[in-house]
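Shown next: structure-v5.csv, containing CSV, N, CA and C atoms.
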chain,number,residue,atom,x,y,z
A,1,MET,N,0.9,-1.2,0.0
A,1,MET,CA,0.0,0.0,0.0
A,1,MET,C,0.9,1.2,0.0
A,2,LEU,N,0.5,2.2,-0.7
A,2,LEU,CA,1.2,3.5,-0.8
A,2,LEU,C,0.3,4.7,-0.6
A,3,THR,N,0.7,5.6,0.1
A,3,THR,CA,-0.1,6.9,0.3
A,3,THR,C,0.8,8.0,-0.3
A,4,ILE,N,0.2,8.8,-1.2
A,4,ILE,CA,0.9,9.9,-1.9
A,4,ILE,C,0.2,11.2,-1.5
A,5,ARG,N,1.0,12.1,-1.0
A,5,ARG,CA,0.4,13.5,-0.7
A,5,ARG,C,1.0,14.4,-1.8
A,6,ALA,N,0.1,15.0,-2.6
A,6,ALA,CA,0.6,15.8,-3.7
A,6,ALA,C,-0.5,16.8,-4.1
A,7,ALA,N,-0.1,18.0,-4.6
A,7,ALA,CA,-1.1,19.0,-5.1
A,7,ALA,C,-1.0,19.0,-6.6
A,8,GLY,N,-2.0,19.6,-7.2
A,8,GLY,CA,-2.1,19.7,-8.7
A,8,GLY,C,-2.5,18.4,-9.3
A,9,LEU,N,-3.2,17.5,-8.6
A,9,LEU,CA,-3.7,16.2,-9.2
A,9,LEU,C,-5.0,16.4,-9.9
A,10,ASP,N,-5.1,15.6,-11.0
A,10,ASP,CA,-6.4,15.5,-11.7
A,10,ASP,C,-6.6,14.1,-12.0
A,11,ARG,N,-7.8,13.8,-12.5
A,11,ARG,CA,-8.2,12.4,-12.8
A,11,ARG,C,-7.3,11.7,-13.8
A,12,ASP,N,-6.8,12.5,-14.8
A,12,ASP,CA,-5.9,11.9,-15.8
A,12,ASP,C,-4.6,11.4,-15.2
A,13,ILE,N,-4.0,12.3,-14.3
A,13,ILE,CA,-2.8,11.9,-13.6
A,13,ILE,C,-3.0,10.7,-12.8
A,14,VAL,N,-4.1,10.7,-12.0
A,14,VAL,CA,-4.4,9.5,-11.1
A,14,VAL,C,-4.6,8.3,-11.9
A,15,SER,N,-5.3,8.3,-13.0
A,15,SER,CA,-5.6,7.1,-13.8
A,15,SER,C,-4.3,6.6,-14.4
A,16,GLY,N,-3.3,7.5,-14.7
A,16,GLY,CA,-2.0,7.0,-15.2
A,16,GLY,C,-1.2,6.2,-14.2
A,17,LEU,N,-1.6,6.3,-12.9
A,17,LEU,CA,-0.9,5.5,-11.9
A,17,LEU,C,-1.2,4.0,-12.0
A,18,GLU,N,-2.2,3.7,-12.8
A,18,GLU,CA,-2.6,2.3,-12.9
A,18,GLU,C,-1.5,1.4,-13.4
A,19,GLN,N,-0.5,2.0,-14.1
A,19,GLN,CA,0.6,1.1,-14.6
A,19,GLN,C,1.4,0.6,-13.5
A,20,TRP,N,1.3,1.2,-12.2
A,20,TRP,CA,2.1,0.7,-11.1
A,20,TRP,C,1.3,0.1,-10.0
A,21,GLY,N,0.0,0.2,-10.0
A,21,GLY,CA,-0.8,-0.4,-8.9
A,21,GLY,C,-2.3,-0.5,-9.2
A,22,ASP,N,-3.0,-0.9,-8.2
A,22,ASP,CA,-4.4,-1.1,-8.3
A,22,ASP,C,-5.1,-0.4,-7.1
A,23,ASP,N,-6.4,-0.4,-7.1
A,23,ASP,CA,-7.2,0.1,-6.0
A,23,ASP,C,-6.8,1.5,-5.7
A,24,ILE,N,-6.8,2.4,-6.7
A,24,ILE,CA,-6.3,3.8,-6.6
A,24,ILE,C,-7.5,4.6,-6.1
A,25,ARG,N,-7.3,5.4,-5.1
A,25,ARG,CA,-8.3,6.3,-4.5
A,25,ARG,C,-7.7,7.7,-4.3
A,26,LEU,N,-8.5,8.7,-4.8
A,26,LEU,CA,-8.1,10.1,-4.6
A,26,LEU,C,-9.0,10.7,-3.7
A,27,ASP,N,-8.4,11.4,-2.7
A,27,ASP,CA,-9.2,12.1,-1.7
A,27,ASP,C,-8.5,13.5,-1.4
A,28,GLY,N,-8.8,14.5,-2.2
A,28,GLY,CA,-8.2,15.8,-2.1
A,28,GLY,C,-6.7,15.7,-2.5
A,29,GLU,N,-5.8,15.9,-1.6
A,29,GLU,CA,-4.4,15.9,-2.0
A,29,GLU,C,-3.8,14.5,-1.6
A,30,LEU,N,-4.6,13.5,-1.3
A,30,LEU,CA,-4.1,12.2,-0.9
A,30,LEU,C,-4.5,11.2,-1.9
A,31,ILE,N,-3.6,10.3,-2.3
A,31,ILE,CA,-3.9,9.2,-3.2
A,31,ILE,C,-3.4,8.0,-2.4
A,32,SER,N,-4.3,7.0,-2.3
A,32,SER,CA,-3.9,5.7,-1.7
A,32,SER,C,-4.0,4.7,-2.8
A,33,MET,N,-3.1,3.7,-2.9
A,33,MET,CA,-3.1,2.7,-3.9
A,33,MET,C,-2.3,1.5,-3.4
A,34,THR,N,-2.6,0.4,-4.0
A,34,THR,CA,-1.8,-0.8,-3.8
A,34,THR,C,-0.8,-0.9,-4.9
A,35,ILE,N,0.5,-0.9,-4.5
A,35,ILE,CA,1.6,-0.9,-5.5
A,35,ILE,C,2.1,-2.4,-5.6
A,36,ARG,N,2.7,-2.6,-6.8
A,36,ARG,CA,3.2,-4.0,-7.0
A,36,ARG,C,4.6,-4.1,-6.4
A,37,SER,N,5.4,-3.0,-6.3
A,37,SER,CA,6.7,-3.1,-5.8
A,37,SER,C,7.2,-1.7,-5.3
A,38,GLU,N,7.9,-1.7,-4.2
A,38,GLU,CA,8.4,-0.5,-3.7
A,38,GLU,C,9.5,0.0,-4.6
A,39,ALA,N,10.1,-0.8,-5.4
A,39,ALA,CA,11.1,-0.4,-6.4
A,39,ALA,C,10.6,0.5,-7.4
A,40,ASP,N,9.2,0.6,-7.6
A,40,ASP,CA,8.6,1.6,-8.5
A,40,ASP,C,8.5,3.0,-8.0
A,41,LEU,N,8.8,3.2,-6.7
A,41,LEU,CA,8.6,4.5,-6.1
A,41,LEU,C,9.3,5.6,-6.8
A,42,PRO,N,10.6,5.5,-7.2
A,42,PRO,CA,11.2,6.6,-7.9
A,42,PRO,C,10.5,6.9,-9.3
A,43,GLU,N,10.1,5.9,-9.9
A,43,GLU,CA,9.4,6.1,-11.2
A,43,GLU,C,8.0,6.7,-11.0
A,44,ILE,N,7.3,6.3,-10.0
A,44,ILE,CA,6.0,7.0,-9.7
A,44,ILE,C,6.2,8.5,-9.4
A,45,ASN,N,7.3,8.8,-8.6
A,45,ASN,CA,7.6,10.2,-8.3
A,45,ASN,C,7.9,11.0,-9.6
A,46,ARG,N,8.8,10.4,-10.4
A,46,ARG,CA,9.1,11.1,-11.7
A,46,ARG,C,7.9,11.3,-12.6
A,47,TYR,N,7.0,10.3,-12.6
A,47,TYR,CA,5.7,10.5,-13.4
A,47,TYR,C,4.9,11.6,-12.9
A,48,LEU,N,4.7,11.7,-11.6
A,48,LEU,CA,3.9,12.8,-11.0
A,48,LEU,C,4.5,14.1,-11.2
A,49,VAL,N,5.8,14.3,-11.0
A,49,VAL,CA,6.5,15.5,-11.2
A,49,VAL,C,6.5,15.9,-12.7
A,50,ALA,N,6.6,15.0,-13.6
A,50,ALA,CA,6.6,15.3,-15.1
A,50,ALA,C,5.2,15.7,-15.5
A,51,HIS,N,4.2,15.4,-14.7
A,51,HIS,CA,2.8,15.8,-15.0
A,51,HIS,C,2.4,17.0,-14.1
A,52,ASP,N,3.4,17.7,-13.6
A,52,ASP,CA,3.2,19.0,-12.9
A,52,ASP,C,2.5,18.9,-11.5
A,53,ALA,N,2.5,17.7,-11.0
A,53,ALA,CA,2.0,17.5,-9.6
A,53,ALA,C,3.1,18.0,-8.7
A,54,GLN,N,2.8,18.6,-7.6
A,54,GLN,CA,3.7,19.0,-6.5
A,54,GLN,C,3.7,17.9,-5.4
A,55,VAL,N,4.7,17.0,-5.4
A,55,VAL,CA,4.7,15.9,-4.6
A,55,VAL,C,5.4,16.3,-3.2
A,56,TYR,N,4.6,16.0,-2.1
A,56,TYR,CA,5.1,16.3,-0.8
A,56,TYR,C,5.5,15.1,0.0
A,57,ALA,N,4.9,13.9,-0.4
A,57,ALA,CA,5.3,12.7,0.3
A,57,ALA,C,4.9,11.4,-0.4
A,58,LEU,N,5.7,10.4,-0.4
A,58,LEU,CA,5.4,9.1,-0.9
A,58,LEU,C,5.6,8.2,0.4
A,59,ILE,N,4.5,7.6,0.9
A,59,ILE,CA,4.6,6.9,2.2
A,59,ILE,C,4.2,5.4,1.9
A,60,PRO,N,5.2,4.5,1.9
A,60,PRO,CA,4.8,3.1,1.8
A,60,PRO,C,4.2,2.6,3.1
A,61,ASN,N,3.1,1.9,3.1
A,61,ASN,CA,2.5,1.4,4.3
A,61,ASN,C,2.7,-0.1,4.2
A,62,ARG,N,3.5,-0.6,5.1
A,62,ARG,CA,3.7,-2.0,5.1
A,62,ARG,C,2.6,-2.7,6.0
A,63,VAL,N,2.2,-3.9,5.5
A,63,VAL,CA,1.2,-4.7,6.2
A,63,VAL,C,1.9,-5.5,7.2
A,64,SER,N,1.4,-5.5,8.4
A,64,SER,CA,1.9,-6.3,9.5
A,64,SER,C,1.5,-7.8,9.4
A,65,LEU,N,2.3,-8.6,10.1
A,65,LEU,CA,2.0,-10.1,10.1
A,65,LEU,C,0.6,-10.3,10.6
A,66,GLU,N,0.2,-9.5,11.6
A,66,GLU,CA,-1.1,-9.7,12.2
A,66,GLU,C,-2.2,-9.3,11.2
A,67,GLU,N,-2.0,-8.3,10.4
A,67,GLU,CA,-3.0,-7.9,9.4
A,67,GLU,C,-3.1,-9.0,8.3
A,68,ILE,N,-2.0,-9.6,8.0
A,68,ILE,CA,-2.0,-10.7,7.0
A,68,ILE,C,-2.8,-11.9,7.6
A,69,PHE,N,-2.5,-12.2,8.8
A,69,PHE,CA,-3.1,-13.3,9.5
A,69,PHE,C,-4.7,-13.1,9.5
A,70,ILE,N,-5.1,-11.9,9.9
A,70,ILE,CA,-6.5,-11.7,10.0
A,70,ILE,C,-7.1,-11.7,8.7
A,71,GLU,N,-6.5,-11.1,7.7
A,71,GLU,CA,-7.0,-11.1,6.3
A,71,GLU,C,-7.1,-12.5,5.8
A,72,THR,N,-6.2,-13.4,6.1
A,72,THR,CA,-6.2,-14.8,5.6
A,72,THR,C,-7.2,-15.6,6.3
A,73,LEU,N,-7.3,-15.5,7.6
A,73,LEU,CA,-8.2,-16.4,8.4
A,73,LEU,C,-9.6,-15.7,8.7
A,74,GLY,N,-9.6,-14.4,8.6
A,74,GLY,CA,-10.8,-13.7,9.0
A,74,GLY,C,-10.9,-13.4,10.4
A,75,LYS,N,-11.7,-12.5,10.8
A,75,LYS,CA,-11.8,-12.1,12.2
A,75,LYS,C,-12.4,-13.1,13.1
A,76,ASP,N,-13.3,-13.9,12.6
A,76,ASP,CA,-14.0,-15.0,13.4
A,76,ASP,C,-13.4,-16.3,13.0
A,77,SER,N,-12.2,-16.6,13.2
A,77,SER,CA,-11.6,-17.8,12.7
A,77,SER,C,-11.7,-18.9,13.7
A,78,GLY,N,-12.4,-18.7,14.8
A,78,GLY,CA,-12.7,-19.8,15.8
A,78,GLY,C,-11.6,-19.8,16.8
A,79,LEU,N,-10.8,-18.8,16.9
A,79,LEU,CA,-9.7,-18.8,18.0
A,79,LEU,C,-10.2,-18.2,19.3

Rewrite the structure of this file - the entire thing - as structure tokens.
Amino acid sequence: MLTIRAAGLDRDIVSGLEQWGDDIRLDGELISMTIRSEADLPEINRYLVAHDAQVYALIPNRVSLEEIFIETLGKDSGL
């Protein structure tokens, strides 16, 4: 998961991010998306800057083992 804080975003710029990830959501100056690889972060930043977005932060959100466990088994897994 990645959170991007940037100004000067429009729907065309946001839709262009689909080449690096899925489940892209725009909320004001915040974009959240599921990325395929953190190795794409520099390229995502270059893309945004090349499209005149003012990038303030790229924040990768790592999923904890507990979150993976709950997602895999569900909250009511009988434990």

- Note on the structure: Between A:Arg36, A:Ile59, A:Phe69, A:Ile31, smallest distance to Gln19 in chain A by all atoms listed in the file belongs to A:Arg36

- Query: Leaving out range 4-11 of chain A and any residue of its chain fewer than 2 positions from it, which residues lie within 5 Å of it when counting all atoms listed in the file, given as a list in words?
  - Reply: Leu2, Ile13, Val14, Ser15, Glu29, Leu30, Ile31, Ser32, Ala53, Gln54, Val55, Tyr56, Ala57, Leu58 and Ile59 of chain A

- Message: Need to verify the contact set: Ile35 in chain A, 5 Å, only N, CA and C atoms, exclusion of same-chain residues closer than 5 positions in sequence. Can you return it as a PyMOL selection string?
- Response: chain A and resi 1-2+20-21

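Among the residues of chain A, backbone DSSP assigns strand (DSSP E or B) to Leu2, Thr3, Ile4, Arg5, Ala6, Ala7, Gly21, Asp22, Asp23, Ile24, Arg25, Leu26, Asp27, Leu30, Ile31, Ser32, Met33, Thr34, Ile35, Gln54, Val55, Tyr56, Ala57, Leu58, Ile59 and Pro60 of chain A.
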
- Quick one, how far is CA of Leu41 in chain A from atom N of Thr72 in chain A? 26.2 Å

- Task: Quick one: pull the distance between atom C of Ile70 in chain A and atom N of Thr34 in chain A, Å, one decimal.
- Result: 18.1 Å

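Reported to one decimal place, the separation of CA of Val49 in chain A from CA of Ile24 in chain A is 17.9 Å.
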
- Message: Using DSSP secondary structure from the backbone, list all helix (DSSP H, G or I) positions within chain A, as number ranges by chain.
- Response: A: 11-19, 38-50, 65-73
